[in-house]
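First up is the structure itself, then whatever we jot down about it.
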Amino acid sequence: MPTFSIGDTDFLLDGARHRVLAGALHYFRVHPDQWSDRIRKARLMGLNTIETYVPWNEHSPTRGEFQTSGRLDLARFLDLVHAEGMHAIVRPGPYICAEWHDGGLPSWLVADEGVVLRSHDAGYLEAVDEYLDAVYEIVRPRQVQHEGPVILVQIENEYGAYGADKDYLRHLTRLTRERGIDVPLTTVDQPLEQMLERGSLDELHRTGSFGSRVGERLATLRRHQPTGPLMCSEFWCGWFDSWGEIHHTTSAEESARELDELLAAGASVNVYMFHGGTNFGFTAGANDKGTYRPIATSYDYDAPLAEDGTPTEKFWRFREVIAKYAPVPDERPAERADAPALEVRLDRSASLWSVPIVAAHAFEHLPTAAEFGSTRGFTCYSTRIEHGGLLSFGHVRDRALVYLDGALVGTLDRELHERMLPLPEDARGELTVLVENLGGVNYGTRLGEAKGLIAPATLDGAPLTKWSAGSVVLDDLAPIRAVLAAGRPDISSVPMPLSGPVFASGTFTLDRATDLQLALPGWSKGVVWVNGTNLGRYWNRGPQLTLFVPAPVVRAGENELIVFETLGAASATVRFVERPELGQTEA
């Protein structure tokens, strides 16, 4: 029977010293038909282990269920890791951060004001126990001692940056052991004295998260983990992007030098990220340290393996470093090939207001999105006003387009701390507010905050209390397709501009299924579906200028493209381009 344990100075695999050379690869950010390709390329860089988080909110959108189909098939993912001859590290949280919506916590949990998140609160632990029961049913038979790939399981995630509830950590540890998880258990924190002390227990193996100043970080970690192997379980070799900022990159040469120093010190490593992938749909999170910053759709992370699965300069530099310390396969992954370039005309369109997808309810107060069951995407609020004046809300979360009788009169953006809008004195009629949830905060004290419009709502100081509000239902495209099909196609010789909020559709033909890069020049802000798959948000503020379309999403022959544009487009055309364009860098 294989064994994996922690020795006095090293990890021990079947009793022999073993260095973990891991790379982060989140199964939920990669199309499942491309998992094998990404895993194999990790091995070709010289890695021996794949690490992944588990997103509770994706697996359990409602309490009592645990979805495991398609991109959520954790068991299949771990089995593919094993088939490649690699080990696995599983980090189930329950909180994962990961620049993921609400840090991975389910909407039904964060909406319960009686629950104290990430603590030994009884209500929270009851929900956590249900979740971990389901996760460990998958992980338990796949541990190394059962001839599986899993060698390490992490307890919580960077908890020292959030709290110091040791009873909470003890509960998670006890539950994990009681559910048959026998491999070593770890924690991770930034190598700062207070975080390392607060975020772990002596019976757990402390690891660090950092990407520079290796000697100093390892020394700090060793003071708090006096025996056993040193491990950087998040070696930050890149960074994530937020809308409106630059595309973050790091020097391949400098990152390789830091990795070399880390391995020369005898430490184990998990490269975060080895392959970032994509925040498909409405899964991206946000940060708020005084100003709200929503995360972009691309999670390329300037990783060794790019978002489209091709090796970067960093891949080759890391491979050279790893080869100094461990065997590296002779096989080399192929370099990037140009994607097909073509232009697509969207010849059908329909206003949002013409499509029956707003599930509205009547309220005698201004409700949060959670009150009518909206957790992501868009919500719509409407009320009748009899005069103009200063329209004001307690908060806007996160971006609101304000209409009067269907005409746009203004925008309120949380990132700009906007929550008031002057309306013309003669304003009268149906006031409608289309609100976009740009992602739940994934780090810090604002974790799980309410979304939508936040009370009070006033007009010239007088309360607005009667509202119709509901979700804009975008997970079923059938009603949208029906309205688009019923309209007349645009047969003009020059594609017409589009005024939002509007749906537009068209088709394109491919000789074969292949990865694509979709650009929307002249468009403003919205969401794209290809053959029913939500690729995520686009926004002309950047940094990213293209959306990645995985090959398994398309097919040889005719393909469908639907765009929901919230503001407007100069021309009803989009382009597939040869290379990804992730935006301006500091250089």
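Lettering and numbering for the structure tokens are positional, with chains as A, B, ... in the shown order, residues counted from 1 in each chain, and ligands counted from 1 in the shown order.
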
Legend entry - Selection near Pro61 in chain A, 10 Å with only C-alpha atoms, sequence-local residues under 4 positions removed, as a PyMOL selection string: chain A and resi 56-57+65-67+105-109+375

Inset, instruction - Write out as a PyMOL selection string the residues lying within 6 Å of range 43-48 of chain A, counting only C-alpha atoms and excluding same-chain residues fewer than 5 positions away. - result: chain A and resi 21-22+86+319+328-329

Legend entry - Best match for closeness to Arg38 in chain A among A:Asp308, A:Glu137, A:Glu234, A:Asp300, counting only C-alpha atoms: A:Asp308

Legend entry - Residue list (helix (DSSP H, G or I), DSSP) for range 44-168 of chain A, as a VMD selection string: chain A and resid 44 56 to 59 70 to 72 74 to 83 101 to 104 107 to 110 122 to 142 144 to 146 159 to 161 166 to 168

Each residue of range 441-501 of chain A lying at most 9 Å from range 345-362 of chain A should get a row with its shortest atom-to-atom pair and the distance in Å to one decimal, counting only C-alpha atoms; could you produce that, ordered by chain and increasing number, as JSON lines?
```
{"residue": "A:Lys466", "atom": "CA", "partner": "A:Ala362", "partner_atom": "CA", "distance": 7.5}
{"residue": "A:Trp467", "atom": "CA", "partner": "A:Ala362", "partner_atom": "CA", "distance": 5.9}
{"residue": "A:Ser468", "atom": "CA", "partner": "A:Ala362", "partner_atom": "CA", "distance": 4.5}
{"residue": "A:Ala469", "atom": "CA", "partner": "A:Ala360", "partner_atom": "CA", "distance": 4.8}
{"residue": "A:Gly470", "atom": "CA", "partner": "A:Ala360", "partner_atom": "CA", "distance": 4.0}
{"residue": "A:Ser471", "atom": "CA", "partner": "A:Ala359", "partner_atom": "CA", "distance": 5.4}
{"residue": "A:Val472", "atom": "CA", "partner": "A:Val358", "partner_atom": "CA", "distance": 4.5}
{"residue": "A:Val473", "atom": "CA", "partner": "A:Ile357", "partner_atom": "CA", "distance": 5.2}
{"residue": "A:Leu474", "atom": "CA", "partner": "A:Ile357", "partner_atom": "CA", "distance": 7.4}
{"residue": "A:Asp476", "atom": "CA", "partner": "A:Ile357", "partner_atom": "CA", "distance": 8.9}
{"residue": "A:Pro479", "atom": "CA", "partner": "A:Val355", "partner_atom": "CA", "distance": 6.8}
{"residue": "A:Ile480", "atom": "CA", "partner": "A:Val355", "partner_atom": "CA", "distance": 6.2}
{"residue": "A:Ala482", "atom": "CA", "partner": "A:Val355", "partner_atom": "CA", "distance": 8.8}
{"residue": "A:Val483", "atom": "CA", "partner": "A:Val355", "partner_atom": "CA", "distance": 6.4}
{"residue": "A:Leu484", "atom": "CA", "partner": "A:Ala350", "partner_atom": "CA", "distance": 5.9}
{"residue": "A:Ala485", "atom": "CA", "partner": "A:Arg348", "partner_atom": "CA", "distance": 7.5}
{"residue": "A:Gly487", "atom": "CA", "partner": "A:Arg348", "partner_atom": "CA", "distance": 6.9}
{"residue": "A:Arg488", "atom": "CA", "partner": "A:Arg348", "partner_atom": "CA", "distance": 6.9}
{"residue": "A:Pro489", "atom": "CA", "partner": "A:Arg348", "partner_atom": "CA", "distance": 4.9}
{"residue": "A:Asp490", "atom": "CA", "partner": "A:Asp347", "partner_atom": "CA", "distance": 4.8}
{"residue": "A:Ile491", "atom": "CA", "partner": "A:Asp347", "partner_atom": "CA", "distance": 7.2}
{"residue": "A:Pro495", "atom": "CA", "partner": "A:Arg345", "partner_atom": "CA", "distance": 7.3}
{"residue": "A:Leu498", "atom": "CA", "partner": "A:Ser349", "partner_atom": "CA", "distance": 8.2}
{"residue": "A:Ser499", "atom": "CA", "partner": "A:Ser351", "partner_atom": "CA", "distance": 8.4}
{"residue": "A:Gly500", "atom": "CA", "partner": "A:Ser351", "partner_atom": "CA", "distance": 7.0}
{"residue": "A:Pro501", "atom": "CA", "partner": "A:Leu352", "partner_atom": "CA", "distance": 5.5}
```

Inset, instruction - Write out as a VMD selection string the residues lying within 10 Å of range 143-147 of chain A, counting only C-alpha atoms and excluding same-chain residues fewer than 4 positions away. - result: chain A and resid 1 to 4 13 to 14 82 87 to 89 138 to 139 151 to 153 180 to 183

Next, the residues of the selection above should be written as a PDB file, in the first residue's frame with N, CA and C atoms.
```pdb
ATOM      1  N   MET A   1       0.855  -1.204   0.000  1.00  0.00           N
ATOM      2  CA  MET A   1       0.000   0.000   0.000  1.00  0.00           C
ATOM      3  C   MET A   1       0.883   1.243   0.000  1.00  0.00           C
ATOM      4  N   PRO A   2       0.700   2.167  -0.951  1.00  0.00           N
ATOM      5  CA  PRO A   2       1.489   3.398  -0.962  1.00  0.00           C
ATOM      6  C   PRO A   2       1.239   4.213   0.303  1.00  0.00           C
ATOM      7  N   THR A   3       2.225   4.995   0.686  1.00  0.00           N
ATOM      8  CA  THR A   3       2.077   5.883   1.836  1.00  0.00           C
ATOM      9  C   THR A   3       2.645   7.249   1.504  1.00  0.00           C
ATOM     10  N   PHE A   4       2.070   8.271   2.137  1.00  0.00           N
ATOM     11  CA  PHE A   4       2.599   9.630   2.026  1.00  0.00           C
ATOM     12  C   PHE A   4       2.479  10.263   3.399  1.00  0.00           C
ATOM     13  N   LEU A  13       7.355   9.722   0.584  1.00  0.00           N
ATOM     14  CA  LEU A  13       6.528   8.915  -0.285  1.00  0.00           C
ATOM     15  C   LEU A  13       7.046   7.486  -0.219  1.00  0.00           C
ATOM     16  N   ASP A  14       6.218   6.601   0.319  1.00  0.00           N
ATOM     17  CA  ASP A  14       6.643   5.210   0.551  1.00  0.00           C
ATOM     18  C   ASP A  14       7.940   5.161   1.354  1.00  0.00           C
ATOM     19  N   HIS A  82      -4.502  11.228 -11.896  1.00  0.00           N
ATOM     20  CA  HIS A  82      -3.906   9.932 -11.579  1.00  0.00           C
ATOM     21  C   HIS A  82      -3.465   9.199 -12.848  1.00  0.00           C
ATOM     22  N   HIS A  87       0.320  13.260  -8.745  1.00  0.00           N
ATOM     23  CA  HIS A  87      -0.390  13.352  -7.471  1.00  0.00           C
ATOM     24  C   HIS A  87      -1.320  14.563  -7.486  1.00  0.00           C
ATOM     25  N   ALA A  88      -2.124  14.684  -6.445  1.00  0.00           N
ATOM     26  CA  ALA A  88      -3.081  15.781  -6.357  1.00  0.00           C
ATOM     27  C   ALA A  88      -3.118  16.352  -4.953  1.00  0.00           C
ATOM     28  N   ILE A  89      -3.331  17.663  -4.869  1.00  0.00           N
ATOM     29  CA  ILE A  89      -3.593  18.378  -3.618  1.00  0.00           C
ATOM     30  C   ILE A  89      -4.993  18.968  -3.741  1.00  0.00           C
ATOM     31  N   ILE A 138     -15.823  12.000  -2.375  1.00  0.00           N
ATOM     32  CA  ILE A 138     -15.058  11.912  -3.619  1.00  0.00           C
ATOM     33  C   ILE A 138     -13.572  11.744  -3.335  1.00  0.00           C
ATOM     34  N   VAL A 139     -13.070  12.467  -2.357  1.00  0.00           N
ATOM     35  CA  VAL A 139     -11.629  12.485  -2.097  1.00  0.00           C
ATOM     36  C   VAL A 139     -11.159  11.218  -1.372  1.00  0.00           C
ATOM     37  N   ILE A 151      -2.470  13.424  -2.113  1.00  0.00           N
ATOM     38  CA  ILE A 151      -1.427  13.303  -1.087  1.00  0.00           C
ATOM     39  C   ILE A 151      -1.563  14.337   0.028  1.00  0.00           C
ATOM     40  N   LEU A 152      -2.264  15.438  -0.229  1.00  0.00           N
ATOM     41  CA  LEU A 152      -2.437  16.487   0.781  1.00  0.00           C
ATOM     42  C   LEU A 152      -3.844  17.063   0.668  1.00  0.00           C
ATOM     43  N   VAL A 153      -4.426  17.443   1.802  1.00  0.00           N
ATOM     44  CA  VAL A 153      -5.697  18.161   1.847  1.00  0.00           C
ATOM     45  C   VAL A 153      -5.509  19.384   2.733  1.00  0.00           C
ATOM     46  N   GLY A 180     -12.506  10.086   7.133  1.00  0.00           N
ATOM     47  CA  GLY A 180     -11.586   9.156   6.503  1.00  0.00           C
ATOM     48  C   GLY A 180     -10.481   9.770   5.685  1.00  0.00           C
ATOM     49  N   ILE A 181     -10.214  11.051   5.875  1.00  0.00           N
ATOM     50  CA  ILE A 181      -9.093  11.688   5.180  1.00  0.00           C
ATOM     51  C   ILE A 181      -7.858  11.500   6.050  1.00  0.00           C
ATOM     52  N   ASP A 182      -6.951  10.641   5.597  1.00  0.00           N
ATOM     53  CA  ASP A 182      -5.796  10.245   6.394  1.00  0.00           C
ATOM     54  C   ASP A 182      -4.484  10.842   5.910  1.00  0.00           C
ATOM     55  N   VAL A 183      -4.488  11.474   4.737  1.00  0.00           N
ATOM     56  CA  VAL A 183      -3.258  12.099   4.246  1.00  0.00           C
ATOM     57  C   VAL A 183      -2.933  13.312   5.123  1.00  0.00           C
TER      58      VAL A 183
END
```

Legend entry - Test item, strand (DSSP E) assignment across range 341-505 of chain A, answer as a ChimeraX atom specification: /A:342-345,348-351,358-363,377-385,389-397,399-404,407-413,420-423,429-437,452-459,462-463,467-472,498-499,502-505

Inset, instruction - Write out as an MDAnalysis selection string each polymer residue whose atoms come within 6 Å of Tyr301 in chain A, counting only C-alpha atoms; drop sequence neighbours fewer than 6 positions from it. - result: chainID A and resid 238:240 276

Inset, instruction - Tell me which protein, DNA and RNA residues are within 12 Å of Ala24 in chain A, counting only C-alpha atoms, leaving out same-chain ones fewer than 3 positions away, and put them as a ChimeraX atom specification. - result: /A:21,27-30,38-39,42,47-54,88-91,98,233-237,269-277,301,303-305

For the contact check between range 142-250 of chain A and range 411-420 of chain A, emit one row per residue of range 142-250 of chain A within 12 Å, containing the shortest atom pair and the distance in Å rounded to one decimal, counting only C-alpha atoms, chain then rising number order, as CSV.
```
residue,atom,partner,partner_atom,distance
A:Ser242,CA,A:Glu415,CA,11.5
A:Trp243,CA,A:Glu415,CA,10.3
A:Gly244,CA,A:Glu415,CA,10.0
```
